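Asks: Right, I'll just put the structure down here and ask away after.
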There are 2 protein chains.
Amino acid sequence: MAKEAAARRRTADELRHEILHAAAEVFLERGYAGASIDQVIARVGGSKRAIYSHFGGKRELFEAIVRRNSGRILGALGREEVVRRDVAATLLDFGMRALTILMSPTPLALYRLVVAEGARFPELARAFFDAGPGRGAAGLAQALREFQRRGEIRVSDPRRAAEHFIGMLRDDLHLRVVLGLRPAPGPREIEQSVRQAVEIFLSGCRNPPSSRRRETKGASP
Amino acid sequence: MAKEAAARRRTADELRHEILHAAAEVFLERGYAGASIDQVIARVGGSKRAIYSHFGGKRELFEAIVRRNSGRILGALGREEVVRRDVAATLLDFGMRALTILMSPTPLALYRLVVAEGARFPELARAFFDAGPGRGAAGLAQALREFQRRGEIRVSDPRRAAEHFIGMLRDDLHLRVVLGLRPAPGPREIEQSVRQAVEIFLSGCRNPPSSRRRETKGASP
DNA sequence: CCGCATGGGTACCATGTGTTACCCTTCGCG
DNA sequence: CGCGAAGGGTAACACATGGTACCCATGCGG
């Protein structure tokens with residue numbers, strides 16, 4: 001009885017969860033204005049009534065979706081940017097993780113969505129930024145301060161430097177993927193991009209003084 | 001007579017131009033799905049028939065808008081990244097111009113729009129990227145090659161390096177403005193950001209080898 | 001064993017959308 | 001001076017949307 005009931009009539013939380021899941025799919029792939037309640041209930045199988053009971057309406061459902069995904073997706077990166085080895089290794093590690101996350105489908109779609117609707121949903125934009133890019137930059141900035149304390153790097157504004165580094169990660173490669181001009185890069189290409197970013201970030205590319213660098217063209221294995 | 005006629009009945013080109021202008025406003029501020037033909041004709045004063053005569057429909061009008069704005073906005077930067085003075089000055093100049101353009105209202109709205117709809121309008125995304133970020137990166141890459149030829153810098157992949165530099169420009173500051181979390185920065189803040197980006201790009205921030213740098217805190221002996 | 005509250009499903013509504021058929025004004029030309 | 005044509009304005013339409021009133025099944029209390 002109870003089992004049958006549970007199978008037929010989903011728990012309220014179950015249903016709510018499924019609605020959130022389906023709504024995320026729909027909103028993330030069609031945008032806010034382009035998505036419709038009917039499409040959501042078409043996927044989740046329930047009825048509109050359920051949506052209007054559990055959430056208030058389209059707007060509230062959308063906000064729930066964005067908040068939920070903002071929080072969960074970038075939580076993996078957030079952690080603490082533990083300052084483990086040397087600067088280069090830490091930056092490489094951070095960059096790899098960040099770029100890998102940024103290039104996966106859901107964060108990409110979420111990015112498109114929030115960029116598109118951010119101006120019309122200010123508190124959502126805030127939540128997204130604080131949970132994602134903001135937290136990432138803050139963590140990295142903290143790590144940079146630690147390295148600066150150790151004397152390994154020298155930077156005037158750690159927070160801004162962190163943002164610059166993240167900016168290098170999220171460069172045209174990310175933009176091209178966001179625009180759908182090319183598929184997401186694989187781990188190898190990600191690593192290549194991150195390595196060059198770390199190289200530039202640490203050593204720059206001015207020639208005379210830093211001529212001690214080993215790569216450039218000649219193969220040093 | 002002719003004057004009255006011209007005042008009453010706009011030239012076909014006149015009308016077409018006004019439609020494009022109004023449609024740009026509507027699309028850029030409401031997004032593709034959120035915009036409506038009625039809103040466009042409400043601003044331009046004509047009738048829907050005009051739109052469907054001059055353009056094919058909503059989709060075509062949208063494409064015309066994006067193409068037009070993609071071309072005209074970033075044309076100012078495009079030019080040729082003339083390699084004038086030294087690397088730092090050129091990068092600073094390029095960065096200032098690029099960031100100033102990126103932070104002005106229309107390019108911001110266009111960015112939001114294309115990011116949102118890029119996946120659904122692939123050829124538009126391509127056109128936008130080629131006319132804007134792509135051209136900018138290509139120009140800068142060309143300049144970097146020239147500097148590399150002169151021996152002023154040393155970089156393994158100029159194109160990617162150019163993209164990294166542009167990425168540093170378009171970092172969290174740009175994202176925050178795109179999301180509407182803060183107003184666009186003034187010239188002073190832009191210059192500050194660009195300066196640090198140039199500094200990092202050229203010299204990096206690793207401490208021991210490049211201790212010859214003059215800022216940070218202590219005077220370099 | 002039966003009535004009742006709960007909540008999810010059906011059907012509907014008002015509205016706004018993109019699009020098109022029709023008509024009238026206005027200009028160019030004989 | 002009259003006529004044909006072209007193009008813009010009016011109005012309608014088919015449709016999809018967000019939102020809601022009604023209804024029925026389900027599980028519990030008396």
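We name chains A, B, ... following the order of the structure tokens; residues begin at 1 in each chain, and ligands are numbered from 1 as shown.
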With 12 Å as the limit and counting only C-alpha atoms (C1' of nucleotides), what residues in chain C lie close to chain A? Please list them as a list in words.

Replies: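 Taking only C-alpha atoms (C1' of nucleotides) into account, DG7, DG8, DG9, DT10 and DA11 of chain C sit within 12 Å of chain A.
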
Asks: How would the residues just picked look written out with C-alpha atoms (C1' of nucleotides) as a JSON list (two decimals), in the first residue's frame?

Replies:
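What follows is the written file result03.json:
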[["chain", "number", "residue", "atom", "x", "y", "z"],
["C", 7, "DG", "C1'", -3.50, 17.84, -3.27],
["C", 8, "DG", "C1'", -2.58, 16.62, -7.89],
["C", 9, "DG", "C1'", -4.85, 16.34, -12.75],
["C", 10, "DT", "C1'", -8.23, 18.42, -16.52],
["C", 11, "DA", "C1'", -10.00, 21.90, -18.78]]

Asks: Taking 5 positions as the minimum chain separation for residues in the same chain, which residues sit within 9 Å of Gly134 in chain B when counting only C-alpha atoms (C1' of nucleotides)? Answer as a PyMOL selection string.

Replies: (chain A and resi 172) or (chain B and resi 128-129+139+163)

Asks: Within 8 Å of range 58-66 of chain B, counting only C-alpha atoms (C1' of nucleotides), which residues qualify if same-chain residues fewer than 6 places away don't, as a list in words?

Replies: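 Here the qualifying residues turn out to be Leu20, Ala23, Ala24, Phe27, Tyr32, Ile37, Ile51, Leu110, Val114, Leu124 and Phe128 of chain B; DG18 of chain C.
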
Asks: Near Asp38 in chain B, within 9 Å and counting only C-alpha atoms (C1' of nucleotides), which residues show up once chain neighbours fewer than 3 positions away are dropped, as a CSV table (one decimal) with N, CA and C atoms (P, O5', C5', C4', C3', O3' and C1' of nucleotides), in the first residue's frame?

Replies:
chain,number,residue,atom,x,y,z
B,35,ALA,N,11.7,39.9,-26.8
B,35,ALA,CA,11.3,41.1,-27.6
B,35,ALA,C,10.1,40.7,-28.5
B,41,ILE,N,7.4,48.1,-33.5
B,41,ILE,CA,6.6,49.0,-34.3
B,41,ILE,C,6.0,50.1,-33.4
B,42,ALA,N,5.9,49.8,-32.1
B,42,ALA,CA,5.5,50.8,-31.1
B,42,ALA,C,6.5,51.9,-31.1
B,43,ARG,N,7.8,51.6,-31.2
B,43,ARG,CA,8.8,52.6,-31.1
B,43,ARG,C,9.0,53.4,-32.4
B,47,SER,N,4.0,50.1,-39.1
B,47,SER,CA,3.2,49.0,-38.9
B,47,SER,C,3.9,47.7,-39.1
B,48,LYS,N,3.4,46.6,-38.6
B,48,LYS,CA,4.1,45.4,-38.7
B,48,LYS,C,4.4,45.0,-40.2
C,17,DT,P,3.5,40.7,-26.8
C,17,DT,O5',3.8,39.6,-27.9
C,17,DT,C5',4.3,38.3,-27.5
C,17,DT,C4',4.1,37.4,-28.7
C,17,DT,C3',4.5,38.0,-30.0
C,17,DT,O3',5.8,37.8,-30.3
C,17,DT,C1',2.5,36.5,-30.1

Asks: Just checking: using only C-alpha atoms (C1' of nucleotides), which residue out of C:DC12, C:DA5, C:DC29, C:DC24 ends up closest to DG27 in chain D?

Replies: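 For DG27 in chain D, the nearest of the candidates is C:DA5.
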
Asks: Counting only C-alpha atoms (C1' of nucleotides), which residues of chain D come no farther than 9 Å from chain B, as a PDB file with C-alpha atoms (C1' of nucleotides), in the first residue's frame?

Replies:
ATOM      1  C1'  DG D   7       3.793  49.920 -50.507  1.00  0.00           C
ATOM      2  C1'  DG D   8       2.292  51.002 -45.821  1.00  0.00           C
ATOM      3  C1'  DG D   9      -1.701  50.768 -42.422  1.00  0.00           C
TER       4       DG D   9
END

Asks: Enumerate the residues of range 63-189 of chain A with a DSSP assignment of alpha helix (DSSP H), computed from the backbone, and present them as a PyMOL selection string.

Replies: chain A and resi 63-73+75-78+87-102+105-117+122-131+133-150+158-169+172-178+187-189

Asks: With distances taken over only C-alpha atoms, which residue among B:Arg159, B:Arg68, B:Arg126, B:Arg16 lies nearest chain A?

Replies: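 Ranked by minimum distance to chain A, first place goes to B:Arg126.
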
Asks: Could you give me, as CSV, every chain A residue with an atom at most 7 Å from chain B, plus its closest atom pair and distance in Å to one decimal, counting only C-alpha atoms, rows ordered by chain then number?

Replies:
residue,atom,partner,partner_atom,distance
A:Ala33,CA,B:Gly34,CA,5.4
A:Gly34,CA,B:Ala33,CA,5.4
A:Arg112,CA,B:Ala116,CA,5.1
A:Leu113,CA,B:Ala116,CA,6.3
A:Val115,CA,B:Arg112,CA,5.7
A:Ala116,CA,B:Arg112,CA,5.1
A:Gly118,CA,B:Leu179,CA,4.8
A:Ala119,CA,B:Gly180,CA,5.2
A:Pro122,CA,B:Gly180,CA,6.8
A:Ala125,CA,B:Leu179,CA,5.9
A:Arg126,CA,B:Leu181,CA,6.6
A:Gly151,CA,B:Asn207,CA,6.8
A:Glu152,CA,B:Asn207,CA,5.4
A:Ile153,CA,B:Arg206,CA,4.4
A:Arg154,CA,B:Cys205,CA,5.3
A:Val155,CA,B:Cys205,CA,5.9
A:Ser156,CA,B:Thr216,CA,5.4
A:Glu163,CA,B:Asp172,CA,5.8
A:His164,CA,B:Met168,CA,4.6
A:Phe165,CA,B:Met168,CA,6.7
A:Ile166,CA,B:Asp171,CA,6.9
A:Gly167,CA,B:Asp171,CA,4.2
A:Met168,CA,B:Gly167,CA,4.5
A:Arg170,CA,B:Gly167,CA,6.3
A:Asp171,CA,B:Gly167,CA,4.1
A:Asp172,CA,B:Glu163,CA,5.8
A:Val178,CA,B:Val115,CA,6.6
A:Leu179,CA,B:Gly118,CA,4.8
A:Gly180,CA,B:Ala119,CA,5.2
A:Leu181,CA,B:Arg126,CA,6.6
A:Ala197,CA,B:His164,CA,6.8
A:Ile200,CA,B:Phe201,CA,5.9
A:Phe201,CA,B:Gly204,CA,4.9
A:Leu202,CA,B:Gly204,CA,4.4
A:Ser203,CA,B:Gly204,CA,4.1
A:Gly204,CA,B:Gly204,CA,4.0
A:Cys205,CA,B:Leu202,CA,5.0
A:Arg206,CA,B:Ile153,CA,4.4
A:Asn207,CA,B:Ile153,CA,4.4
A:Thr216,CA,B:Ser156,CA,4.7
A:Lys217,CA,B:Ser156,CA,6.4

Asks: From the list D:DA21, D:DC28, D:DT10, D:DA16, which residue is nearest DC22 in chain C when using only C-alpha atoms (C1' of nucleotides)?

Replies: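 Closest to DC22 in chain C of all the choices is D:DT10.
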
Asks: Rounded to one decimal, what separation in Å do you get between CA of Leu144 in chain A and CA of Arg195 in chain A?

Replies: 17.3 Å

Asks: Taking 5 positions as the minimum chain separation for residues in the same chain, which residues sit within 12 Å of DA5 in chain D when counting only C-alpha atoms (C1' of nucleotides)? Answer as a ChimeraX atom specification.

Replies: /C:26-29
